[in-house]
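Notes follow the structure.
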Amino acid sequence: AKAPAARRPPEPPPLFLMDAPTILTRIVEHIEQTGRPPTVRTLALIIGCSTGTAHNLLVALQQRGYIEHAGSTRSITLTQAGLEHIGRI
């Protein structure tokens with residue numbers, strides 16, 4: 001008899017749903033420390049993910065109205081909704 005296939009644990013929710021406040025806070029902290037927004041590569045290093053994932057997170061945060069991101073380097077701006085989401089307003 002064949003042993004049943006091992007069940008994989010369920011996929012965790014996307015990082016941006018679990019941790020949007022942390023990501024937004026890290027963006028703000030980077031701006032406060034350096035005077036400019038992080039690049040996608042820097043954001044990936046800050047939050048511990050790939051640059052592709054960081055880009056997807058930015059798209060998701062923008063779709064939710066937390067940031068404005070023109071797609072160019074260092075063009076991340078937190079919106080009022082984003083600042084409210086992390087208690088900065």
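Just so we're on the same page: first chain in the structure tokens is A, next is B, and so on; residues restart at 1 for each chain, and ligands are numbered from 1 in the order they show up.
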Nearby residues (only C-alpha atoms) at most 12 Å from range 32-38 of chain A, same-chain spacing under 2 positions excluded, as number ranges by chain: A: 23-30, 40-47, 51, 54-55, 58, 67-69, 72-78
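Rounded to one decimal, CA of Ser50 in chain A and CA of Glu84 in chain A lie 27.0 Å from each other.
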Find the residues around Ile89 in chain A up to 12 Å (only C-alpha atoms counted), leave out those fewer than 3 positions away in its own chain, and share them as a list of chain:residue names.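 Near Ile89 in chain A, the qualifying residues are A:Leu78, A:Thr79, A:Gln80, A:Ala81, A:Gly82, A:Leu83, A:Glu84, A:His85, A:Ile86.
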Let me see the file: selected residues, N, CA, C and O atoms, as an mmCIF file, in the first residue's frame.
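Saved as out21.cif:
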data_model
loop_
_atom_site.group_PDB
_atom_site.id
_atom_site.type_symbol
_atom_site.label_atom_id
_atom_site.label_comp_id
_atom_site.auth_asym_id
_atom_site.auth_seq_id
_atom_site.Cartn_x
_atom_site.Cartn_y
_atom_site.Cartn_z
ATOM 1 N N LEU A 78 4.803 58.058 1.245
ATOM 2 C CA LEU A 78 3.651 57.598 2.015
ATOM 3 C C LEU A 78 2.525 58.606 1.890
ATOM 4 O O LEU A 78 2.749 59.811 1.946
ATOM 5 N N THR A 79 1.316 58.094 1.721
ATOM 6 C CA THR A 79 0.135 58.944 1.644
ATOM 7 C C THR A 79 -0.375 59.199 3.064
ATOM 8 O O THR A 79 0.103 58.591 4.026
ATOM 9 N N GLN A 80 -1.366 60.046 3.174
ATOM 10 C CA GLN A 80 -1.973 60.288 4.481
ATOM 11 C C GLN A 80 -2.534 58.980 5.038
ATOM 12 O O GLN A 80 -2.375 58.678 6.220
ATOM 13 N N ALA A 81 -3.147 58.170 4.169
ATOM 14 C CA ALA A 81 -3.691 56.878 4.618
ATOM 15 C C ALA A 81 -2.581 55.970 5.143
ATOM 16 O O ALA A 81 -2.762 55.276 6.143
ATOM 17 N N GLY A 82 -1.428 55.974 4.478
ATOM 18 C CA GLY A 82 -0.298 55.174 4.927
ATOM 19 C C GLY A 82 0.235 55.637 6.264
ATOM 20 O O GLY A 82 0.537 54.818 7.144
ATOM 21 N N LEU A 83 0.353 56.943 6.423
ATOM 22 C CA LEU A 83 0.819 57.489 7.700
ATOM 23 C C LEU A 83 -0.178 57.212 8.825
ATOM 24 O O LEU A 83 0.220 56.893 9.945
ATOM 25 N N GLU A 84 -1.461 57.293 8.521
ATOM 26 C CA GLU A 84 -2.474 56.972 9.519
ATOM 27 C C GLU A 84 -2.417 55.489 9.890
ATOM 28 O O GLU A 84 -2.602 55.126 11.054
ATOM 29 N N HIS A 85 -2.144 54.635 8.900
ATOM 30 C CA HIS A 85 -2.094 53.185 9.132
ATOM 31 C C HIS A 85 -1.008 52.816 10.137
ATOM 32 O O HIS A 85 -1.148 51.812 10.841
ATOM 33 N N ILE A 86 0.056 53.596 10.201
ATOM 34 C CA ILE A 86 1.133 53.297 11.162
ATOM 35 C C ILE A 86 1.128 54.264 12.348
ATOM 36 O O ILE A 86 2.076 54.306 13.121
#
